[in-house]
$ cat structure33.txt   # compact mmCIF, C-alpha atoms
# COMPACT_ATOMS: atom_id res chain seq x y z
CA MET A 1 11.23 50.56 -14.24
CA PRO A 2 11.81 50.51 -10.45
CA GLU A 3 8.06 50.02 -10.04
CA MET A 4 8.13 47.10 -12.47
CA ARG A 5 11.13 45.59 -10.67
CA GLN A 6 9.33 45.96 -7.33
CA LEU A 7 6.20 44.41 -8.78
CA GLY A 8 8.25 41.49 -10.06
CA GLN A 9 9.80 41.03 -6.64
CA LEU A 10 6.36 41.05 -4.99
CA GLN A 11 5.10 38.50 -7.46
CA PHE A 12 8.17 36.33 -6.79
CA LEU A 13 7.57 36.58 -3.03
CA LYS A 14 3.93 35.60 -3.51
CA ILE A 15 4.95 32.52 -5.50
CA ILE A 16 7.56 31.54 -2.90
CA SER A 17 5.06 32.09 -0.07
CA SER A 18 2.43 30.00 -1.83
CA PHE A 19 4.99 27.25 -2.41
CA LEU A 20 6.05 27.29 1.25
CA LEU A 21 2.45 27.18 2.42
CA LEU A 22 1.69 24.30 0.07
CA SER A 23 4.80 22.42 1.27
CA LEU A 24 3.80 23.02 4.88
CA PHE A 25 0.28 21.76 4.14
CA VAL A 26 1.64 18.59 2.49
CA PHE A 27 4.06 18.03 5.39
CA LEU A 28 1.33 18.46 7.98
CA SER A 29 -1.02 16.22 6.01
CA GLU A 30 1.63 13.51 5.83
CA ALA A 31 2.36 13.85 9.54
CA ALA A 32 -1.35 13.69 10.31
CA ARG A 33 -1.62 10.58 8.15
CA CYS A 34 1.20 8.83 10.06
CA GLN A 35 -0.46 9.68 13.35
CA ARG A 36 -3.88 8.50 12.33
CA PHE A 37 -3.41 4.94 13.57
CA PRO A 38 -6.06 4.60 16.30
CA GLU A 39 -4.34 3.82 19.58
CA GLU A 40 -7.66 2.45 20.80
CA ILE A 41 -6.76 -0.74 18.89
CA VAL A 42 -3.78 -1.28 21.20
CA SER A 43 -5.88 -0.42 24.26
CA HIS A 44 -8.54 -2.96 23.27
CA LEU A 45 -5.90 -5.64 22.73
CA LYS A 46 -4.33 -5.02 26.13
CA ALA A 47 -7.79 -5.33 27.68
CA GLY A 48 -8.44 -8.58 25.82
CA GLN A 49 -11.21 -7.00 23.73
CA LEU A 50 -10.30 -8.70 20.47
CA LYS A 51 -13.62 -8.14 18.69
CA GLU A 52 -13.50 -4.39 19.27
CA ALA A 53 -9.84 -4.20 18.24
CA ARG A 54 -10.46 -6.17 15.05
CA ALA A 55 -13.41 -3.96 14.06
CA LEU A 56 -11.37 -0.77 14.53
CA LEU A 57 -8.44 -2.24 12.63
CA GLU A 58 -10.56 -3.30 9.65
CA ASP A 59 -12.13 0.15 9.52
CA PHE A 60 -8.71 1.84 9.63
CA ARG A 61 -7.19 -0.42 6.99
CA SER A 62 -10.05 0.22 4.59
CA SER A 63 -8.68 3.76 4.18
CA GLU A 64 -4.99 3.12 5.03
CA PRO A 65 -4.14 -0.35 3.67
CA ASP A 66 -0.38 0.33 3.57
CA ASP A 67 0.07 1.76 7.05
CA PRO A 68 2.89 -0.27 8.71
CA ARG A 69 1.16 -0.52 12.09
CA GLY A 70 -2.07 -1.57 10.40
CA LEU A 71 -0.17 -4.25 8.46
CA TYR A 72 1.53 -5.45 11.65
CA TYR A 73 -1.68 -5.86 13.65
CA ALA A 74 -3.43 -7.43 10.65
CA GLY A 75 -0.60 -9.97 10.63
CA CYS A 76 -1.17 -10.64 14.33
CA PHE A 77 -4.86 -11.32 13.73
CA GLU A 78 -4.36 -13.48 10.62
CA PRO A 79 -4.69 -17.21 11.56
CA ASN A 80 -2.96 -18.49 8.42
CA GLY A 81 0.78 -18.63 9.08
CA GLU A 82 1.93 -17.76 5.57
CA LEU A 83 -0.53 -14.90 5.13
CA SER A 84 0.41 -13.58 8.57
CA ALA A 85 4.10 -13.70 7.64
CA ASP A 86 3.39 -11.83 4.37
CA LEU A 87 1.63 -9.03 6.26
CA LEU A 88 4.50 -8.78 8.74
CA LYS A 89 7.02 -8.60 5.89
CA LYS A 90 5.01 -5.82 4.24
CA SER A 91 4.94 -3.86 7.50
CA LEU A 92 8.73 -4.10 7.68
CA SER A 93 9.22 -3.19 4.02
CA ARG A 94 7.72 0.26 4.63
CA ARG A 95 10.29 2.99 5.23
CA ASP A 96 8.20 4.43 8.03
CA ASP A 97 9.42 3.44 11.46
CA PHE A 98 6.80 2.20 13.92
CA PRO A 99 6.80 1.12 17.59
CA GLU A 100 6.11 -2.56 16.89
CA ARG A 101 8.97 -3.10 14.39
CA GLY A 102 10.96 -5.20 16.88
CA GLU A 103 7.91 -7.33 17.66
CA ALA A 104 7.25 -7.84 13.94
CA LEU A 105 10.82 -9.11 13.44
CA LEU A 106 10.47 -11.42 16.43
CA LYS A 107 7.16 -12.86 15.18
CA LEU A 108 8.73 -13.51 11.80
CA GLY A 109 11.55 -15.31 13.58
CA GLN A 110 8.99 -17.53 15.32
CA TYR A 111 7.34 -18.24 11.97
CA TYR A 112 10.63 -19.29 10.35
CA LEU A 113 11.40 -21.42 13.40
CA SER A 114 8.12 -23.31 12.94
CA LYS A 115 9.14 -23.94 9.32
CA SER A 116 12.53 -25.37 10.39
CA MET A 117 14.29 -22.44 8.70
CA TYR A 118 16.71 -22.10 11.57
CA LEU A 119 19.33 -19.74 10.09
CA THR A 120 16.65 -17.30 8.92
CA ALA A 121 14.84 -17.53 12.27
CA ALA A 122 18.03 -16.72 14.19
CA SER A 123 18.81 -13.82 11.84
CA GLN A 124 15.34 -12.29 12.36
CA ALA A 125 15.74 -12.68 16.12
CA ARG A 126 19.05 -10.82 16.13
CA GLN A 127 17.54 -7.99 14.07
CA SER A 128 14.60 -7.68 16.47
CA PHE A 129 16.99 -7.14 19.39
CA LYS A 130 18.91 -4.46 17.47
CA VAL A 131 15.67 -2.59 16.78
CA ASP A 132 14.11 -3.09 20.22
CA SER A 133 16.23 -4.21 23.18
CA THR A 134 13.10 -5.26 25.10
CA GLN A 135 12.86 -8.22 22.69
CA HIS A 136 16.17 -9.61 24.02
CA PRO A 137 14.83 -12.70 25.91
CA GLY A 138 12.54 -13.72 23.06
CA ALA A 139 15.31 -13.22 20.52
CA LEU A 140 17.69 -15.34 22.59
CA TRP A 141 15.08 -18.07 22.96
CA ILE A 142 14.57 -18.28 19.18
CA GLN A 143 18.33 -18.42 18.64
CA GLY A 144 18.71 -21.09 21.33
CA THR A 145 15.91 -23.23 19.91
CA ALA A 146 17.30 -22.86 16.37
CA ASN A 147 20.79 -23.81 17.55
CA SER A 148 19.44 -26.78 19.49
CA ALA A 149 17.51 -28.05 16.47
CA SER A 150 20.65 -27.59 14.35
CA GLU A 151 22.62 -29.66 16.89
CA LYS A 152 24.73 -26.67 17.95
CA SER A 153 24.24 -27.60 21.58
CA ALA A 154 27.05 -25.43 22.99
CA LEU A 155 25.61 -22.28 21.38
CA ALA A 156 22.09 -23.23 22.41
CA GLU A 157 23.20 -23.67 26.01
CA GLU A 158 24.84 -20.21 25.94
CA ASN A 159 21.63 -18.64 24.59
CA PHE A 160 19.42 -20.19 27.27
CA GLN A 161 21.90 -19.44 30.07
CA GLU A 162 22.03 -15.79 28.98
CA ILE A 163 18.25 -15.53 29.36
CA LEU A 164 18.52 -16.83 32.92
CA LYS A 165 21.40 -14.49 33.76
CA SER A 166 19.57 -11.44 32.39
CA GLY A 167 16.92 -11.73 35.11
CA GLY A 168 14.15 -10.75 32.71
CA GLU A 169 10.50 -11.74 32.68
CA ARG A 170 9.61 -14.94 34.54
CA GLN A 171 7.87 -16.39 31.50
CA TRP A 172 11.21 -16.53 29.70
CA GLU A 173 12.88 -18.23 32.67
CA ALA A 174 10.48 -21.14 32.18
CA TRP A 175 11.22 -21.45 28.46
CA ALA A 176 14.97 -21.05 29.01
CA ASN A 177 15.04 -23.88 31.56
CA LEU A 178 12.94 -26.04 29.25
CA GLY A 179 15.39 -25.32 26.42
CA LEU A 180 18.35 -26.21 28.62
CA GLY A 181 16.65 -29.47 29.58
CA ASP A 182 16.15 -30.34 25.92
CA VAL A 183 19.82 -29.58 25.15
CA TYR A 184 21.01 -31.87 27.95
CA TYR A 185 18.48 -34.55 26.96
CA GLN A 186 19.81 -34.54 23.40
CA GLN A 187 23.33 -34.93 24.78
CA GLY A 188 22.25 -37.93 26.84
CA ASP A 189 22.91 -36.07 30.12
CA TYR A 190 19.59 -37.05 31.71
CA VAL A 191 20.60 -35.99 35.25
CA ARG A 192 21.19 -32.37 34.20
CA ALA A 193 18.14 -32.52 31.94
CA GLN A 194 15.80 -33.54 34.77
CA SER A 195 17.28 -30.79 36.95
CA SER A 196 16.34 -28.14 34.36
CA TYR A 197 12.89 -29.64 33.85
CA ARG A 198 12.39 -29.70 37.62
CA GLU A 199 13.02 -25.92 37.75
CA VAL A 200 10.07 -25.39 35.41
CA MET A 201 7.86 -27.83 37.32
CA HIS A 202 8.55 -26.27 40.71
CA HIS A 203 8.52 -22.57 39.84
CA HIS A 204 6.42 -22.13 36.69
CA ARG A 205 3.31 -24.28 37.06
CA LYS A 206 1.16 -21.69 35.24
CA SER A 207 3.49 -21.48 32.24
CA PRO A 208 2.69 -23.36 29.00
CA ALA A 209 6.23 -24.74 29.38
CA TYR A 210 5.14 -26.68 32.48
CA SER A 211 3.33 -29.47 30.62
CA LEU A 212 6.27 -30.03 28.28
CA ALA A 213 8.71 -30.09 31.19
CA LEU A 214 6.56 -32.65 33.03
CA ALA A 215 6.45 -34.98 30.01
CA GLN A 216 10.20 -34.67 29.41
CA PHE A 217 10.91 -35.19 33.12
CA ALA A 218 8.99 -38.46 32.93
CA GLN A 219 11.08 -39.49 29.93
CA CYS A 220 14.25 -38.77 31.91
CA GLN A 221 13.12 -41.21 34.60
CA TRP A 222 12.76 -43.98 32.04
CA GLU A 223 16.18 -43.15 30.61
CA LEU A 224 17.70 -43.23 34.12
CA ASP A 225 16.23 -46.69 34.64
CA ASP A 226 13.75 -45.55 37.29
CA PRO A 227 10.51 -47.12 36.00
CA GLU A 228 8.56 -46.39 39.19
CA SER A 229 9.12 -42.62 38.88
CA GLY A 230 8.71 -42.79 35.11
CA GLU A 231 5.33 -44.44 35.52
CA ARG A 232 4.19 -41.94 38.14
CA PHE A 233 5.14 -38.82 36.18
CA THR A 234 3.83 -40.20 32.91
CA LYS A 235 0.46 -40.83 34.55
CA ASP A 236 0.55 -37.34 36.06
CA TYR A 237 1.04 -35.82 32.62
CA LEU A 238 -1.71 -37.84 30.95
CA GLU A 239 -4.16 -37.03 33.76
CA GLN A 240 -3.40 -33.30 33.76
CA PHE A 241 -2.98 -32.84 30.01
CA PRO A 242 -4.99 -35.50 28.16
CA GLN A 243 -4.89 -33.39 24.99
CA GLY A 244 -1.31 -32.20 25.49
CA VAL A 245 1.29 -31.96 22.74
CA LEU A 246 3.12 -35.08 23.94
CA ALA A 247 0.05 -37.04 25.07
CA GLY A 248 -0.08 -39.10 21.88
CA THR A 249 3.57 -40.12 22.18
CA LEU A 250 3.18 -41.12 25.81
CA ARG A 251 -0.01 -43.07 25.07
CA ASP A 252 1.95 -45.03 22.47
CA LEU A 253 4.43 -45.92 25.21
CA VAL A 254 1.56 -46.88 27.49
CA SER A 255 0.01 -49.14 24.85
CA ALA A 256 3.45 -50.67 24.33
CA GLY A 257 3.51 -51.64 28.01
CA VAL A 258 5.92 -49.01 29.31
CA ILE A 259 3.61 -47.83 32.09
CA ARG A 260 3.34 -51.41 33.39
CA LEU A 261 7.06 -51.94 33.09
CA ALA A 262 7.68 -51.77 36.85
CA SER A 263 5.14 -54.49 37.62
CA GLU A 264 5.86 -56.69 34.60
CA GLU A 265 9.58 -56.13 34.26
CA GLU A 266 10.36 -59.82 34.72
CA LYS A 267 8.34 -60.64 31.59
CA LEU A 268 10.52 -58.49 29.33
CA SER A 269 14.01 -59.19 28.10
CA PRO A 270 16.68 -56.47 28.54
CA ARG A 271 16.52 -55.81 24.78
CA GLU A 272 12.73 -55.38 24.88
CA ARG A 273 13.00 -53.03 27.86
CA ALA A 274 15.58 -50.96 26.02
CA ARG A 275 13.36 -50.83 22.93
CA LEU A 276 10.28 -49.73 24.86
CA THR A 277 11.94 -47.14 27.07
CA SER A 278 14.29 -45.57 24.54
CA THR A 279 13.55 -42.48 22.52
CA VAL A 280 13.23 -43.15 18.79
CA TYR A 281 15.00 -40.76 16.41
CA SER A 282 14.44 -40.15 12.71
CA VAL A 283 16.07 -37.94 10.11
CA GLN A 284 13.62 -35.44 8.60
CA VAL A 285 14.68 -34.81 5.01
CA GLY A 286 11.75 -32.69 3.91
CA ALA A 287 8.41 -31.08 4.76
CA PHE A 288 6.38 -30.53 1.60
CA ALA A 289 3.14 -28.72 0.92
CA SER A 290 2.83 -30.93 -2.17
CA LYS A 291 2.00 -34.58 -1.52
CA ALA A 292 3.39 -35.54 -4.93
CA ASN A 293 6.77 -33.98 -4.16
CA ALA A 294 6.91 -35.77 -0.80
CA TYR A 295 6.14 -39.14 -2.41
CA LYS A 296 8.72 -38.48 -5.11
CA MET A 297 11.48 -37.90 -2.58
CA ALA A 298 10.37 -40.81 -0.40
CA GLN A 299 10.43 -43.20 -3.36
CA ARG A 300 13.87 -42.00 -4.41
CA LEU A 301 15.26 -42.76 -0.95
CA LYS A 302 13.48 -46.12 -0.77
CA ASP A 303 15.08 -47.09 -4.07
CA ARG A 304 18.44 -46.47 -2.41
CA GLY A 305 17.60 -48.84 0.45
CA TYR A 306 16.47 -46.40 3.14
CA GLU A 307 13.55 -47.05 5.49
CA VAL A 308 11.23 -44.11 4.77
CA GLU A 309 7.96 -43.00 6.33
CA LEU A 310 5.58 -40.19 5.36
CA ARG A 311 3.76 -38.29 8.08
CA THR A 312 1.20 -35.54 7.69
CA GLU A 313 1.07 -32.54 10.00
CA THR A 314 -1.25 -29.54 9.97
CA ILE A 315 0.37 -26.19 10.74
CA ASN A 316 -1.76 -23.04 10.75
CA ARG A 317 -4.53 -24.86 8.86
CA ARG A 318 -2.13 -26.04 6.14
CA ARG A 319 -1.21 -29.68 5.64
CA PHE A 320 2.44 -30.64 5.25
CA TYR A 321 3.92 -34.00 4.29
CA LYS A 322 7.08 -34.85 6.21
CA VAL A 323 9.57 -37.36 4.87
CA LEU A 324 11.27 -39.27 7.71
CA VAL A 325 14.15 -41.69 7.35
CA GLY A 326 14.78 -44.50 9.83
CA LYS A 327 13.81 -45.31 13.42
CA PHE A 328 16.95 -45.19 15.51
CA LEU A 329 17.28 -45.99 19.21
CA SER A 330 20.43 -43.86 19.55
CA GLN A 331 20.97 -40.28 18.53
CA LYS A 332 24.50 -41.22 17.50
CA ARG A 333 23.21 -43.63 14.84
CA ALA A 334 20.64 -41.04 13.65
CA ARG A 335 23.43 -38.47 13.33
CA GLU A 336 25.54 -40.87 11.24
CA VAL A 337 22.66 -41.46 8.82
CA LYS A 338 21.90 -37.73 8.73
CA GLN A 339 25.50 -36.95 7.72
CA LYS A 340 25.42 -39.65 5.05
CA LEU A 341 22.16 -38.30 3.60
CA GLU A 342 23.46 -34.72 3.64
CA ALA A 343 26.55 -35.82 1.70
CA GLU A 344 24.41 -37.67 -0.84
CA GLU A 345 21.72 -35.01 -1.23
CA GLY A 346 23.87 -31.89 -0.84
CA ASP A 347 21.41 -30.42 1.66
CA ASN A 348 20.99 -29.93 5.42
CA PHE A 349 18.55 -32.09 7.40
CA ILE A 350 17.41 -32.34 11.02
CA ILE A 351 16.95 -35.10 13.58
CA VAL A 352 13.49 -35.38 15.13
CA ILE A 353 12.32 -37.30 18.17
CA ARG A 354 9.44 -39.70 17.42

$ encode --input "structure33.txt" --output "structure tokens"
Amino acid sequence: MPEMRQLGQLQFLKIISSFLLLSLFVFLSEAARCQRFPEEIVSHLKAGQLKEARALLEDFRSSEPDDPRGLYYAGCFEPNGELSADLLKKSLSRRDDFPERGEALLKLGQYYLSKSMYLTAASQARQSFKVDSTQHPGALWIQGTANSASEKSALAEENFQEILKSGGERQWEAWANLGLGDVYYQQGDYVRAQSSYREVMHHHRKSPAYSLALAQFAQCQWELDDPESGERFTKDYLEQFPQGVLAGTLRDLVSAGVIRLASEEEKLSPRERARLTSTVYSVQVGAFASKANAYKMAQRLKDRGYEVELRTETINRRRFYKVLVGKFLSQKRAREVKQKLEAEEGDNFIIVIR
């Protein structure tokens, strides 16, 4: 009997040992799997070798389609905005933590910002900072831009000022000053606006924010009734950035005679000058992927006596149909119509500059 008991104990120990070895093997295999993401992908990206990085990533994802880092970088490569956002969401839905989690949250915030989903964009930005403090300037910029677009100018100003006070990367200084300029411009404080734009123009000429600051600075000159400076800076922008984001708007002003305003001022009445040099505001009540839905809403508003215009815009290779109400020369009047529409429709809308 003692021999049988001892044999039973040995058998039990063998089973336990085998179980422990198997558990250890599974644990090591899982750890090896999590570490399999090829860091060469990151190295290639830092070196600007996109083709090599993409090839490695596709090869890795063929065997590990659910790896969070693989999903994140696939989202970065994906040109379609919605598909990119889906990949980023999938990377964040995985329980596994990964180094780029903060960046994924920030990129999702930028995506929601482009879709005018300002509350969601700001929420994603705050989460990115909690996960990765190095994302702080970018998170603040998204929050500031969302607050500015939602007409929360005081909060937006705080966000942009905090970026400047943090003394972070110079690229964010440019965008923070541009954001501040836009806040002051919306408030009608053109003197402070041009001061912020001037900071970008003088200290950040290589930043993508420079071209936008130059165009907005020119607009400030028109608003401040300085047609000579307005003409000069408008011409500077069109010569330097003929395909720039605001080039079309400024060319419309040129074709309307704004550039020649200084030399032909006597030919225009005060009302005509005000019309040509003022910013035009509209209330955007929708941006639809479906043309039928956009027409349906536009017709409903027209039936109620509103002046409605449909505009198409392509974002990440997808066409959207924007429904715009009115063409107002003052932001105050645009805000009044916006509030009236929100009360009637039970929804939130935004004011856009035409």

$ closest_atom_pairs --input "structure33.txt" --of "range 129-162 of chain A" --to "range 107-116 of chain A" --cutoff "10 Å" --atoms "only C-alpha atoms" --output "JSON lines"
{"residue": "A:Gly138", "atom": "CA", "partner": "A:Gln110", "partner_atom": "CA", "distance": 9.3}
{"residue": "A:Ala139", "atom": "CA", "partner": "A:Gly109", "partner_atom": "CA", "distance": 8.2}
{"residue": "A:Trp141", "atom": "CA", "partner": "A:Gln110", "partner_atom": "CA", "distance": 9.8}
{"residue": "A:Ile142", "atom": "CA", "partner": "A:Gln110", "partner_atom": "CA", "distance": 6.8}
{"residue": "A:Gln143", "atom": "CA", "partner": "A:Gly109", "partner_atom": "CA", "distance": 9.0}
{"residue": "A:Thr145", "atom": "CA", "partner": "A:Leu113", "partner_atom": "CA", "distance": 8.1}
{"residue": "A:Ala146", "atom": "CA", "partner": "A:Leu113", "partner_atom": "CA", "distance": 6.8}
{"residue": "A:Ala149", "atom": "CA", "partner": "A:Ser116", "partner_atom": "CA", "distance": 8.3}
{"residue": "A:Ser150", "atom": "CA", "partner": "A:Ser116", "partner_atom": "CA", "distance": 9.3}

$ closest_residue --input "structure33.txt" --among "A:Phe288, A:Leu178, A:Val183, A:Asp226" --to "Lys152 in chain A" --atoms "all atoms listed in the file"
A:Val183

$ residues_near_point --input "structure33.txt" --point "(17.4, -42.0, 20.8)" --cutoff "9 Å" --atoms "only C-alpha atoms" --output "list in words"
Gln186, Gly188, Ser278, Thr279, Val280, Tyr281, Ser282, Lys327, Phe328, Leu329, Ser330, Gln331, Lys332, Arg333, Ala334, Ile353 and Arg354 of chain A

$ atom_distance --input "structure33.txt" --atom1 "CA of Tyr184 in chain A" --atom2 "CA of Arg205 in chain A"
21.3 Å

$ closest_residue --input "structure33.txt" --among "A:Ser63, A:Val283, A:Phe241, A:Gly144" --to "Glu307 in chain A" --atoms "all atoms listed in the file"
A:Val283

$ residues_around --input "structure33.txt" --residues "Glu157 in chain A" --least-positions-apart "2" --cutoff "7 Å" --atoms "only C-alpha atoms" --output "number ranges by chain"
A: 144, 153-155, 159-161, 180, 183

$ closest_residue --input "structure33.txt" --among "A:Tyr306, A:Tyr295, A:Ala287, A:Ala156" --to "Phe320 in chain A" --atoms "only C-alpha atoms"
A:Ala287

$ residues_around --input "structure33.txt" --residues "Ser43 in chain A" --least-positions-apart "3" --cutoff "12 Å" --atoms "all atoms listed in the file" --output "list of chain:residue names"
A:Pro38, A:Glu39, A:Glu40, A:Lys46, A:Ala47, A:Gly48, A:Gln49, A:Leu50, A:Glu52, A:Ala53, A:Arg54, A:Leu56

$ closest_residue --input "structure33.txt" --among "A:Pro68, A:Pro242, A:Pro137, A:Gly81" --to "Ala104 in chain A" --atoms "all atoms listed in the file"
A:Pro68

$ closest_residue --input "structure33.txt" --among "A:Val285, A:Pro79, A:Ala294, A:His44" --to "Ile350 in chain A" --atoms "all atoms listed in the file"
A:Val285
